[in-house]
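Here is the file final38.csv (CSV, N, CA and C atoms and all ligand atoms).
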chain,number,residue,atom,x,y,z
A,1,MET,N,3.9,-23.5,-5.1
A,1,MET,CA,2.8,-23.5,-6.1
A,1,MET,C,1.7,-24.5,-5.7
A,2,GLU,N,2.1,-25.7,-5.2
A,2,GLU,CA,1.1,-26.7,-4.9
A,2,GLU,C,0.3,-26.3,-3.7
A,3,LYS,N,0.9,-25.6,-2.8
A,3,LYS,CA,0.2,-25.1,-1.6
A,3,LYS,C,-0.9,-24.2,-2.0
A,4,ILE,N,-0.6,-23.3,-3.0
A,4,ILE,CA,-1.6,-22.4,-3.4
A,4,ILE,C,-2.8,-23.1,-4.0
A,5,ARG,N,-2.6,-24.2,-4.7
A,5,ARG,CA,-3.7,-24.9,-5.4
A,5,ARG,C,-4.7,-25.5,-4.4
A,6,LYS,N,-4.1,-25.9,-3.3
A,6,LYS,CA,-5.0,-26.5,-2.3
A,6,LYS,C,-5.9,-25.5,-1.6
A,7,ILE,N,-5.4,-24.3,-1.4
A,7,ILE,CA,-6.2,-23.3,-0.7
A,7,ILE,C,-7.3,-22.7,-1.6
A,8,LYS,N,-8.5,-22.7,-1.2
A,8,LYS,CA,-9.6,-22.2,-2.1
A,8,LYS,C,-9.7,-20.7,-2.1
A,9,ARG,N,-9.5,-20.1,-0.9
A,9,ARG,CA,-9.6,-18.6,-0.8
A,9,ARG,C,-8.4,-18.1,-0.1
A,10,ILE,N,-7.9,-17.0,-0.6
A,10,ILE,CA,-6.7,-16.4,0.0
A,10,ILE,C,-7.2,-15.0,0.5
A,11,ILE,N,-6.8,-14.7,1.7
A,11,ILE,CA,-7.2,-13.4,2.3
A,11,ILE,C,-6.0,-12.5,2.1
A,12,LYS,N,-6.2,-11.3,1.6
A,12,LYS,CA,-5.2,-10.3,1.5
A,12,LYS,C,-5.8,-9.0,2.1
A,13,GLU,N,-4.9,-8.1,2.4
A,13,GLU,CA,-5.3,-6.8,2.9
A,13,GLU,C,-4.9,-5.7,1.9
A,14,CYS,N,-5.9,-4.9,1.5
A,14,CYS,CA,-5.7,-3.8,0.6
A,14,CYS,C,-5.0,-2.7,1.5
A,15,PRO,N,-4.1,-1.9,0.9
A,15,PRO,CA,-3.5,-0.8,1.7
A,15,PRO,C,-4.5,0.1,2.4
A,16,CYS,N,-5.8,0.1,1.9
A,16,CYS,CA,-6.8,1.0,2.6
A,16,CYS,C,-7.3,0.3,3.8
A,17,GLY,N,-7.0,-1.0,4.1
A,17,GLY,CA,-7.4,-1.7,5.3
A,17,GLY,C,-8.6,-2.7,5.0
A,18,LYS,N,-9.1,-2.6,3.8
A,18,LYS,CA,-10.2,-3.6,3.5
A,18,LYS,C,-9.6,-5.0,3.2
A,19,ILE,N,-10.3,-6.0,3.7
A,19,ILE,CA,-9.9,-7.4,3.5
A,19,ILE,C,-10.5,-7.8,2.2
A,20,ILE,N,-9.6,-8.4,1.4
A,20,ILE,CA,-10.1,-9.0,0.1
A,20,ILE,C,-9.9,-10.4,0.0
A,21,GLU,N,-10.9,-11.2,-0.5
A,21,GLU,CA,-10.8,-12.6,-0.7
A,21,GLU,C,-10.4,-12.9,-2.1
A,22,LEU,N,-9.4,-13.7,-2.4
A,22,LEU,CA,-9.0,-13.9,-3.7
A,22,LEU,C,-9.0,-15.4,-4.0
A,23,ARG,N,-9.3,-15.7,-5.3
A,23,ARG,CA,-9.1,-17.1,-5.8
A,23,ARG,C,-7.6,-17.2,-6.1
A,24,PRO,N,-7.1,-18.5,-6.0
A,24,PRO,CA,-5.7,-18.7,-6.2
A,24,PRO,C,-5.2,-18.1,-7.5
A,25,LYS,N,-6.0,-18.1,-8.5
A,25,LYS,CA,-5.5,-17.6,-9.8
A,25,LYS,C,-5.3,-16.1,-9.8
A,26,GLN,N,-6.1,-15.4,-8.9
A,26,GLN,CA,-5.9,-13.9,-8.9
A,26,GLN,C,-4.8,-13.5,-7.9
A,27,TYR,N,-4.3,-14.5,-7.2
A,27,TYR,CA,-3.5,-14.1,-6.0
A,27,TYR,C,-2.3,-13.2,-6.4
A,28,LYS,N,-1.6,-13.6,-7.5
A,28,LYS,CA,-0.4,-12.8,-7.8
A,28,LYS,C,-0.7,-11.4,-8.4
A,29,ARG,N,-1.8,-11.3,-9.1
A,29,ARG,CA,-2.1,-10.1,-9.8
A,29,ARG,C,-2.8,-9.1,-8.9
A,30,LYS,N,-3.8,-9.5,-8.2
A,30,LYS,CA,-4.7,-8.6,-7.5
A,30,LYS,C,-4.1,-8.2,-6.1
A,31,LYS,N,-4.0,-6.9,-5.9
A,31,LYS,CA,-3.5,-6.5,-4.6
A,31,LYS,C,-4.4,-5.5,-3.9
A,32,TYR,N,-5.4,-5.0,-4.7
A,32,TYR,CA,-6.2,-3.9,-4.2
A,32,TYR,C,-7.7,-4.2,-4.2
A,33,CYS,N,-8.5,-3.7,-3.4
A,33,CYS,CA,-9.9,-4.0,-3.3
A,33,CYS,C,-10.7,-3.4,-4.5
A,34,SER,N,-10.2,-2.4,-5.1
A,34,SER,CA,-10.9,-1.7,-6.2
A,34,SER,C,-9.9,-1.0,-7.1
A,35,THR,N,-10.4,-0.6,-8.3
A,35,THR,CA,-9.5,0.2,-9.1
A,35,THR,C,-9.1,1.5,-8.5
A,36,VAL,N,-10.0,2.1,-7.7
A,36,VAL,CA,-9.8,3.3,-7.0
A,36,VAL,C,-8.5,3.2,-6.2
A,37,CYS,N,-8.5,2.1,-5.4
A,37,CYS,CA,-7.3,1.8,-4.5
A,37,CYS,C,-6.1,1.5,-5.4
A,38,MET,N,-6.3,0.9,-6.5
A,38,MET,CA,-5.1,0.5,-7.3
A,38,MET,C,-4.4,1.8,-7.8
A,39,TYR,N,-5.2,2.8,-8.3
A,39,TYR,CA,-4.6,4.0,-8.7
A,39,TYR,C,-4.0,4.8,-7.6
A,40,LYS,N,-4.7,4.7,-6.5
A,40,LYS,CA,-4.4,5.5,-5.3
A,40,LYS,C,-3.0,5.1,-4.7
A,41,TYR,N,-2.8,3.8,-4.7
A,41,TYR,CA,-1.6,3.3,-4.0
A,41,TYR,C,-0.5,2.9,-5.0
A,42,ARG,N,-0.9,2.6,-6.2
A,42,ARG,CA,0.2,2.2,-7.1
A,42,ARG,C,0.8,3.4,-7.7
A,43,TYR,N,0.0,4.4,-8.0
A,43,TYR,CA,0.5,5.6,-8.6
A,43,TYR,C,0.2,6.8,-7.8
A,44,PRO,N,0.7,6.9,-6.6
A,44,PRO,CA,0.3,8.0,-5.7
A,44,PRO,C,0.6,9.4,-6.2
A,45,ASN,N,1.7,9.5,-7.0
A,45,ASN,CA,2.0,10.9,-7.4
A,45,ASN,C,1.2,11.3,-8.7
A,46,LYS,N,0.7,10.3,-9.4
A,46,LYS,CA,0.0,10.6,-10.6
A,46,LYS,C,-1.5,10.8,-10.3
A,47,GLY,N,-1.9,10.6,-9.1
A,47,GLY,CA,-3.3,10.7,-8.7
A,47,GLY,C,-4.0,9.4,-9.0
A,48,TRP,N,-5.3,9.4,-8.7
A,48,TRP,CA,-6.1,8.2,-8.9
A,48,TRP,C,-7.5,8.6,-9.3
A,49,ILE,N,-8.2,7.6,-9.8
A,49,ILE,CA,-9.5,7.9,-10.3
A,49,ILE,C,-10.5,7.6,-9.1
A,50,ASP,N,-11.3,8.6,-8.8
A,50,ASP,CA,-12.2,8.4,-7.7
A,50,ASP,C,-13.5,7.8,-8.2
A,51,THR,N,-14.4,7.3,-7.3
A,51,THR,CA,-15.6,6.6,-7.7
A,51,THR,C,-16.5,7.5,-8.5
A,52,ASP,N,-16.4,8.8,-8.4
A,52,ASP,CA,-17.2,9.7,-9.2
A,52,ASP,C,-16.6,10.0,-10.6
A,53,GLY,N,-15.5,9.3,-10.9
A,53,GLY,CA,-14.9,9.4,-12.2
A,53,GLY,C,-13.9,10.6,-12.4
A,54,TYR,N,-13.7,11.3,-11.3
A,54,TYR,CA,-12.7,12.4,-11.4
A,54,TYR,C,-11.3,11.9,-10.9
A,55,ARG,N,-10.3,12.5,-11.4
A,55,ARG,CA,-9.0,12.2,-11.0
A,55,ARG,C,-8.7,13.0,-9.7
A,56,ARG,N,-8.2,12.3,-8.7
A,56,ARG,CA,-7.9,13.0,-7.4
A,56,ARG,C,-6.4,12.9,-7.2
A,57,ILE,N,-5.8,14.0,-6.7
A,57,ILE,CA,-4.4,14.0,-6.4
A,57,ILE,C,-4.2,14.4,-4.9
A,58,SER,N,-3.0,14.1,-4.5
A,58,SER,CA,-2.7,14.4,-3.1
A,58,SER,C,-1.8,15.6,-3.0
A,59,VAL,N,-2.3,16.7,-2.3
A,59,VAL,CA,-1.5,17.9,-2.2
A,59,VAL,C,-1.3,18.2,-0.7
A,60,ASN,N,-0.1,18.3,-0.3
A,60,ASN,CA,0.2,18.5,1.2
A,60,ASN,C,-0.6,17.5,2.1
A,61,GLY,N,-0.7,16.3,1.6
A,61,GLY,CA,-1.4,15.3,2.5
A,61,GLY,C,-2.9,15.3,2.4
A,62,LYS,N,-3.4,16.3,1.6
A,62,LYS,CA,-4.9,16.3,1.4
A,62,LYS,C,-5.3,15.9,0.0
A,63,SER,N,-6.3,15.1,-0.1
A,63,SER,CA,-6.7,14.7,-1.5
A,63,SER,C,-7.7,15.8,-2.0
A,64,ILE,N,-7.5,16.1,-3.3
A,64,ILE,CA,-8.3,17.2,-3.9
A,64,ILE,C,-8.6,16.8,-5.4
A,65,ASP,N,-9.7,17.2,-5.9
A,65,ASP,CA,-10.0,16.9,-7.3
A,65,ASP,C,-8.9,17.7,-8.2
A,66,GLU,N,-8.3,16.9,-9.1
A,66,GLU,CA,-7.2,17.5,-9.9
A,66,GLU,C,-7.6,18.7,-10.7
A,67,HIS,N,-8.9,18.6,-11.3
A,67,HIS,CA,-9.3,19.7,-12.2
A,67,HIS,C,-9.5,21.0,-11.4
A,68,LYS,N,-9.9,20.8,-10.1
A,68,LYS,CA,-10.1,22.0,-9.3
A,68,LYS,C,-8.7,22.6,-9.0
A,69,TYR,N,-7.8,21.8,-8.7
A,69,TYR,CA,-6.5,22.2,-8.3
A,69,TYR,C,-5.8,22.9,-9.5
A,70,ILE,N,-6.0,22.3,-10.7
A,70,ILE,CA,-5.3,22.9,-11.9
A,70,ILE,C,-6.0,24.3,-12.1
A,71,TRP,N,-7.3,24.4,-12.0
A,71,TRP,CA,-8.0,25.7,-12.3
A,71,TRP,C,-7.5,26.7,-11.3
A,72,VAL,N,-7.5,26.4,-10.0
A,72,VAL,CA,-7.1,27.3,-9.0
A,72,VAL,C,-5.7,27.8,-9.2
A,73,ARG,N,-4.8,26.9,-9.5
A,73,ARG,CA,-3.4,27.3,-9.7
A,73,ARG,C,-3.2,28.2,-10.9
A,74,HIS,N,-4.0,27.9,-12.0
A,74,HIS,CA,-3.9,28.6,-13.2
A,74,HIS,C,-4.4,30.0,-13.0
A,75,ASN,N,-5.5,30.2,-12.3
A,75,ASN,CA,-6.2,31.5,-12.2
A,75,ASN,C,-5.7,32.2,-10.9
A,76,GLN,N,-5.0,31.6,-10.1
A,76,GLN,CA,-4.5,32.2,-8.9
A,76,GLN,C,-5.6,32.8,-8.0
A,77,MET,N,-6.7,32.0,-8.0
A,77,MET,CA,-7.8,32.4,-7.1
A,77,MET,C,-8.6,31.2,-6.7
A,78,PRO,N,-9.3,31.3,-5.6
A,78,PRO,CA,-10.1,30.1,-5.2
A,78,PRO,C,-11.4,30.0,-6.1
A,79,ILE,N,-12.0,28.9,-6.2
A,79,ILE,CA,-13.2,28.7,-7.0
A,79,ILE,C,-14.3,29.5,-6.3
A,80,PRO,N,-14.9,30.5,-7.0
A,80,PRO,CA,-16.0,31.3,-6.4
A,80,PRO,C,-17.1,30.5,-5.8
A,81,LYS,N,-17.7,31.0,-4.7
A,81,LYS,CA,-18.8,30.2,-4.1
A,81,LYS,C,-19.9,30.0,-5.1
A,82,GLY,N,-20.5,28.8,-5.0
A,82,GLY,CA,-21.6,28.6,-5.9
A,82,GLY,C,-21.2,28.3,-7.3
A,83,CYS,N,-20.0,28.0,-7.6
A,83,CYS,CA,-19.5,27.7,-8.9
A,83,CYS,C,-18.8,26.3,-9.0
A,84,CYS,N,-18.8,25.8,-10.2
A,84,CYS,CA,-18.2,24.5,-10.4
A,84,CYS,C,-17.2,24.6,-11.6
A,85,ILE,N,-16.3,23.7,-11.6
A,85,ILE,CA,-15.4,23.6,-12.8
A,85,ILE,C,-15.9,22.5,-13.7
A,86,HIS,N,-16.2,22.8,-14.9
A,86,HIS,CA,-16.8,21.9,-15.8
A,86,HIS,C,-15.7,21.5,-16.9
A,87,HIS,N,-15.8,20.2,-17.3
A,87,HIS,CA,-15.0,19.7,-18.4
A,87,HIS,C,-15.7,19.9,-19.7
A,88,ILE,N,-15.2,20.8,-20.5
A,88,ILE,CA,-15.8,21.2,-21.8
A,88,ILE,C,-16.1,20.0,-22.7
A,89,ASN,N,-15.1,19.1,-22.9
A,89,ASN,CA,-15.3,18.0,-23.8
A,89,ASN,C,-16.0,16.8,-23.2
A,90,GLY,N,-16.4,17.0,-21.9
A,90,GLY,CA,-17.2,15.9,-21.3
A,90,GLY,C,-16.3,14.8,-20.7
A,91,ASN,N,-15.0,14.9,-20.9
A,91,ASN,CA,-14.1,13.8,-20.4
A,91,ASN,C,-13.6,14.3,-19.1
A,92,PRO,N,-14.0,13.7,-17.9
A,92,PRO,CA,-13.6,14.2,-16.6
A,92,PRO,C,-12.1,13.9,-16.4
A,93,LEU,N,-11.4,13.2,-17.3
A,93,LEU,CA,-10.0,12.9,-17.0
A,93,LEU,C,-9.1,13.8,-17.8
A,94,ASN,N,-9.7,14.6,-18.7
A,94,ASN,CA,-8.9,15.6,-19.5
A,94,ASN,C,-8.9,16.9,-18.6
A,95,ASN,N,-7.8,17.0,-17.9
A,95,ASN,CA,-7.7,18.1,-17.0
A,95,ASN,C,-6.8,19.2,-17.5
A,96,ASP,N,-6.7,19.3,-18.9
A,96,ASP,CA,-6.0,20.4,-19.5
A,96,ASP,C,-6.8,21.7,-19.2
A,97,ILE,N,-6.0,22.7,-18.9
A,97,ILE,CA,-6.7,24.0,-18.5
A,97,ILE,C,-7.7,24.5,-19.6
A,98,LYS,N,-7.4,24.2,-20.8
A,98,LYS,CA,-8.2,24.6,-21.9
A,98,LYS,C,-9.6,23.8,-21.9
A,99,ASN,N,-9.6,22.7,-21.2
A,99,ASN,CA,-10.8,21.9,-21.2
A,99,ASN,C,-11.6,22.2,-19.9
A,100,LEU,N,-11.2,23.2,-19.1
A,100,LEU,CA,-11.9,23.5,-17.9
A,100,LEU,C,-12.5,24.9,-18.0
A,101,ILE,N,-13.8,24.9,-17.5
A,101,ILE,CA,-14.5,26.2,-17.5
A,101,ILE,C,-15.3,26.4,-16.2
A,102,LEU,N,-15.3,27.6,-15.7
A,102,LEU,CA,-16.0,27.9,-14.5
A,102,LEU,C,-17.5,28.2,-14.8
A,103,LEU,N,-18.4,27.5,-14.2
A,103,LEU,CA,-19.8,27.7,-14.4
A,103,LEU,C,-20.5,27.8,-13.1
A,104,PRO,N,-21.6,28.6,-13.1
A,104,PRO,CA,-22.5,28.6,-11.9
A,104,PRO,C,-23.0,27.2,-11.6
A,105,ARG,N,-23.1,26.9,-10.3
A,105,ARG,CA,-23.5,25.5,-10.0
A,105,ARG,C,-24.9,25.1,-10.6
A,106,GLY,N,-25.8,26.0,-10.5
A,106,GLY,CA,-27.2,25.6,-11.0
A,106,GLY,C,-27.1,25.3,-12.5
A,107,TYR,N,-26.4,26.2,-13.3
A,107,TYR,CA,-26.3,26.0,-14.7
A,107,TYR,C,-25.5,24.7,-15.0
A,108,HIS,N,-24.5,24.5,-14.2
A,108,HIS,CA,-23.7,23.3,-14.4
A,108,HIS,C,-24.5,22.0,-14.2
A,109,SER,N,-25.3,21.9,-13.2
A,109,SER,CA,-26.1,20.7,-13.0
A,109,SER,C,-27.2,20.5,-14.0
A,110,SER,N,-27.8,21.6,-14.5
A,110,SER,CA,-28.8,21.5,-15.6
A,110,SER,C,-28.1,21.1,-16.9
A,111,LEU,N,-26.9,21.5,-17.1
A,111,LEU,CA,-26.1,21.1,-18.3
A,111,LEU,C,-25.8,19.6,-18.2
A,112,HIS,N,-25.5,19.1,-17.0
A,112,HIS,CA,-25.2,17.7,-16.9
A,112,HIS,C,-26.5,16.9,-17.1
A,113,ARG,N,-27.6,17.4,-16.6
A,113,ARG,CA,-28.9,16.7,-16.8
A,113,ARG,C,-29.2,16.6,-18.3
A,114,GLU,N,-28.9,17.7,-19.0
A,114,GLU,CA,-29.1,17.7,-20.5
A,114,GLU,C,-28.2,16.7,-21.2
A,115,ILE,N,-26.9,16.7,-20.8
A,115,ILE,CA,-26.0,15.7,-21.4
A,115,ILE,C,-26.4,14.3,-21.1
A,116,GLU,N,-26.8,14.0,-19.9
A,116,GLU,CA,-27.3,12.7,-19.5
A,116,GLU,C,-28.5,12.3,-20.3
A,117,LYS,N,-29.4,13.2,-20.5
A,117,LYS,CA,-30.7,12.9,-21.2
A,117,LYS,C,-30.3,12.5,-22.7
A,118,ARG,N,-29.4,13.3,-23.3
A,118,ARG,CA,-29.1,13.1,-24.7
A,118,ARG,C,-28.4,11.7,-24.8
A,119,ARG,N,-27.6,11.4,-23.8
A,119,ARG,CA,-26.8,10.1,-23.8
A,119,ARG,C,-27.8,8.9,-23.8
A,120,ARG,N,-28.8,9.1,-22.9
A,120,ARG,CA,-29.8,8.0,-22.8
A,120,ARG,C,-30.7,7.8,-24.1
A,121,LEU,N,-30.9,9.0,-24.7
A,121,LEU,CA,-31.8,8.9,-25.9
A,121,LEU,C,-31.0,8.2,-27.1
A,122,ARG,N,-29.7,8.3,-27.0
A,122,ARG,CA,-28.9,7.7,-28.1
A,122,ARG,C,-28.9,6.1,-28.0
A,123,ILE,N,-29.1,5.6,-26.8
A,123,ILE,CA,-29.1,4.1,-26.6
A,123,ILE,C,-30.3,3.4,-27.2
B,1,ZN,ZN,-8.8,-0.7,-0.9
B,2,ZN,ZN,-19.4,19.3,-15.4
Could you show the structure in this file as structure tokens?
Ligand SMILES: [Zn+2]
Ligand SMILES: [Zn+2]
Amino acid sequence: MEKIRKIKRIIKECPCGKIIELRPKQYKRKKYCSTVCMYKYRYPNKGWIDTDGYRRISVNGKSIDEHKYIWVRHNQMPIPKGCCIHHINGNPLNNDIKNLILLPRGYHSSLHREIEKRRRLRI
């Protein structure tokens, strides 16, 4: 314990390979460079939250957006070209099949612009 107090910065390596500098107080708790890495490495089977806010899972060694995977498996078909899977209730972490809907890409992005506009007006 005394040794730790004397050192000002502690260097650790995140499993992703990034070097992280920690203050002694954080030393025991912090192991990952970001929350993305924390979910990725601590709960590899439950998936992790990507920087864009979507949950990603690993399937056969490849990472894939969980909502796309669920939709494809449920409908037994690939996502048609030019289409997106949208979260009906606006929560990108609710990947219940009932919350997912297939939308044309153009309509989907204008829908998101509209949602974003309304959110900003409320502030
Ligand atoms: Zn990392
Ligand atoms: Zn959407």
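Computed from the coordinates, the atom N of Val59 (chain A) to CA of Cys84 (chain A) distance equals 19.5 Å.
Among the candidate residues A:Val72, A:Cys37, A:Ile20, A:Ile11, the one lying nearest to ligand ZN 1 (chain B) is A:Cys37, with distances computed using only C-alpha atoms and all ligand atoms.
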Identify, counting all atoms listed in the file, the protein, DNA and RNA residues located within 8 Å of ligand ZN 1 (chain B), and give them as an mmCIF file with N, CA and C atoms, keeping the file's coordinate frame.
data_model
loop_
_atom_site.group_PDB
_atom_site.id
_atom_site.type_symbol
_atom_site.label_atom_id
_atom_site.label_comp_id
_atom_site.auth_asym_id
_atom_site.auth_seq_id
_atom_site.Cartn_x
_atom_site.Cartn_y
_atom_site.Cartn_z
ATOM 1 N N GLU A 13 -4.900 -8.100 2.400
ATOM 2 C CA GLU A 13 -5.300 -6.800 2.900
ATOM 3 C C GLU A 13 -4.900 -5.700 1.900
ATOM 4 N N CYS A 14 -5.900 -4.900 1.500
ATOM 5 C CA CYS A 14 -5.700 -3.800 0.600
ATOM 6 C C CYS A 14 -5.000 -2.700 1.500
ATOM 7 N N PRO A 15 -4.100 -1.900 0.900
ATOM 8 C CA PRO A 15 -3.500 -0.800 1.700
ATOM 9 C C PRO A 15 -4.500 0.100 2.400
ATOM 10 N N CYS A 16 -5.800 0.100 1.900
ATOM 11 C CA CYS A 16 -6.800 1.000 2.600
ATOM 12 C C CYS A 16 -7.300 0.300 3.800
ATOM 13 N N GLY A 17 -7.000 -1.000 4.100
ATOM 14 C CA GLY A 17 -7.400 -1.700 5.300
ATOM 15 C C GLY A 17 -8.600 -2.700 5.000
ATOM 16 N N LYS A 18 -9.100 -2.600 3.800
ATOM 17 C CA LYS A 18 -10.200 -3.600 3.500
ATOM 18 C C LYS A 18 -9.600 -5.000 3.200
ATOM 19 N N ILE A 19 -10.300 -6.000 3.700
ATOM 20 C CA ILE A 19 -9.900 -7.400 3.500
ATOM 21 C C ILE A 19 -10.500 -7.800 2.200
ATOM 22 N N LYS A 31 -4.000 -6.900 -5.900
ATOM 23 C CA LYS A 31 -3.500 -6.500 -4.600
ATOM 24 C C LYS A 31 -4.400 -5.500 -3.900
ATOM 25 N N TYR A 32 -5.400 -5.000 -4.700
ATOM 26 C CA TYR A 32 -6.200 -3.900 -4.200
ATOM 27 C C TYR A 32 -7.700 -4.200 -4.200
ATOM 28 N N CYS A 33 -8.500 -3.700 -3.400
ATOM 29 C CA CYS A 33 -9.900 -4.000 -3.300
ATOM 30 C C CYS A 33 -10.700 -3.400 -4.500
ATOM 31 N N SER A 34 -10.200 -2.400 -5.100
ATOM 32 C CA SER A 34 -10.900 -1.700 -6.200
ATOM 33 C C SER A 34 -9.900 -1.000 -7.100
ATOM 34 N N THR A 35 -10.400 -0.600 -8.300
ATOM 35 C CA THR A 35 -9.500 0.200 -9.100
ATOM 36 C C THR A 35 -9.100 1.500 -8.500
ATOM 37 N N VAL A 36 -10.000 2.100 -7.700
ATOM 38 C CA VAL A 36 -9.800 3.300 -7.000
ATOM 39 C C VAL A 36 -8.500 3.200 -6.200
ATOM 40 N N CYS A 37 -8.500 2.100 -5.400
ATOM 41 C CA CYS A 37 -7.300 1.800 -4.500
ATOM 42 C C CYS A 37 -6.100 1.500 -5.400
ATOM 43 N N MET A 38 -6.300 0.900 -6.500
ATOM 44 C CA MET A 38 -5.100 0.500 -7.300
ATOM 45 C C MET A 38 -4.400 1.800 -7.800
#
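Pairwise distance (CA of Asn95 (chain A), CA of Arg120 (chain A)) equals 25.0 Å.
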Given a cut-off of 8 Å, what residues near ligand ZN 2 (chain B) show up using all atoms listed in the file, put as a CSV table (one decimal) with N, CA and C atoms, in the frame of the given file?
chain,number,residue,atom,x,y,z
A,84,CYS,N,-18.8,25.8,-10.2
A,84,CYS,CA,-18.2,24.5,-10.4
A,84,CYS,C,-17.2,24.6,-11.6
A,85,ILE,N,-16.3,23.7,-11.6
A,85,ILE,CA,-15.4,23.6,-12.8
A,85,ILE,C,-15.9,22.5,-13.7
A,86,HIS,N,-16.2,22.8,-14.9
A,86,HIS,CA,-16.8,21.9,-15.8
A,86,HIS,C,-15.7,21.5,-16.9
A,87,HIS,N,-15.8,20.2,-17.3
A,87,HIS,CA,-15.0,19.7,-18.4
A,87,HIS,C,-15.7,19.9,-19.7
A,88,ILE,N,-15.2,20.8,-20.5
A,88,ILE,CA,-15.8,21.2,-21.8
A,88,ILE,C,-16.1,20.0,-22.7
A,90,GLY,N,-16.4,17.0,-21.9
A,90,GLY,CA,-17.2,15.9,-21.3
A,90,GLY,C,-16.3,14.8,-20.7
A,92,PRO,N,-14.0,13.7,-17.9
A,92,PRO,CA,-13.6,14.2,-16.6
A,92,PRO,C,-12.1,13.9,-16.4
A,108,HIS,N,-24.5,24.5,-14.2
A,108,HIS,CA,-23.7,23.3,-14.4
A,108,HIS,C,-24.5,22.0,-14.2
A,109,SER,N,-25.3,21.9,-13.2
A,109,SER,CA,-26.1,20.7,-13.0
A,109,SER,C,-27.2,20.5,-14.0
A,111,LEU,N,-26.9,21.5,-17.1
A,111,LEU,CA,-26.1,21.1,-18.3
A,111,LEU,C,-25.8,19.6,-18.2
A,112,HIS,N,-25.5,19.1,-17.0
A,112,HIS,CA,-25.2,17.7,-16.9
A,112,HIS,C,-26.5,16.9,-17.1
- Message: Please list as a list in words every residue within 6.5 Å of Tyr54 (chain A), counting all atoms listed in the file and excluding residues in the same chain fewer than 5 positions away.
- Response: Trp48, Ile49, Asp65, Glu66, Pro92 and Leu93 of chain A
- Message: Considering only strand (DSSP E) as DSSP defines it on the backbone, what residues of chain A qualify? List them as a list in words.
- Response: Ile10, Ile11, Lys12, Glu13, Ile19, Ile20, Glu21, Leu22, Trp48, Ile49, Arg55, Arg56, Ile57, Ser58, Val59, Lys62, Ser63, Ile64, Asp65, Cys83, Cys84, Ile85, His86, His87, Leu100, Ile101, Leu102, Leu103 and Pro104 of chain A
- Query: How many Å lie between atom C of Ser63 (chain A) and atom N of Tyr107 (chain A), rounded to one decimal?
  - Reply: 24.2 Å
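The shortest atom-to-atom distance to Lys40 (chain A), with all atoms listed in the file taken into account, belongs to A:Arg56 out of A:Arg56, A:Ile79, A:His74, A:Lys98.
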- Message: Show me, as a ChimeraX atom specification, the residues that have an atom within 7 Å of Arg9 (chain A) when counting only C-alpha atoms, minus same-chain residues fewer than 4 positions from it.
- Response: /A:21-24
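Among A:Arg119, A:Arg55, A:Lys81, A:Arg42, the residue with the shortest atom-to-atom distance to Tyr69 (chain A), counting only C-alpha atoms, is A:Arg55.
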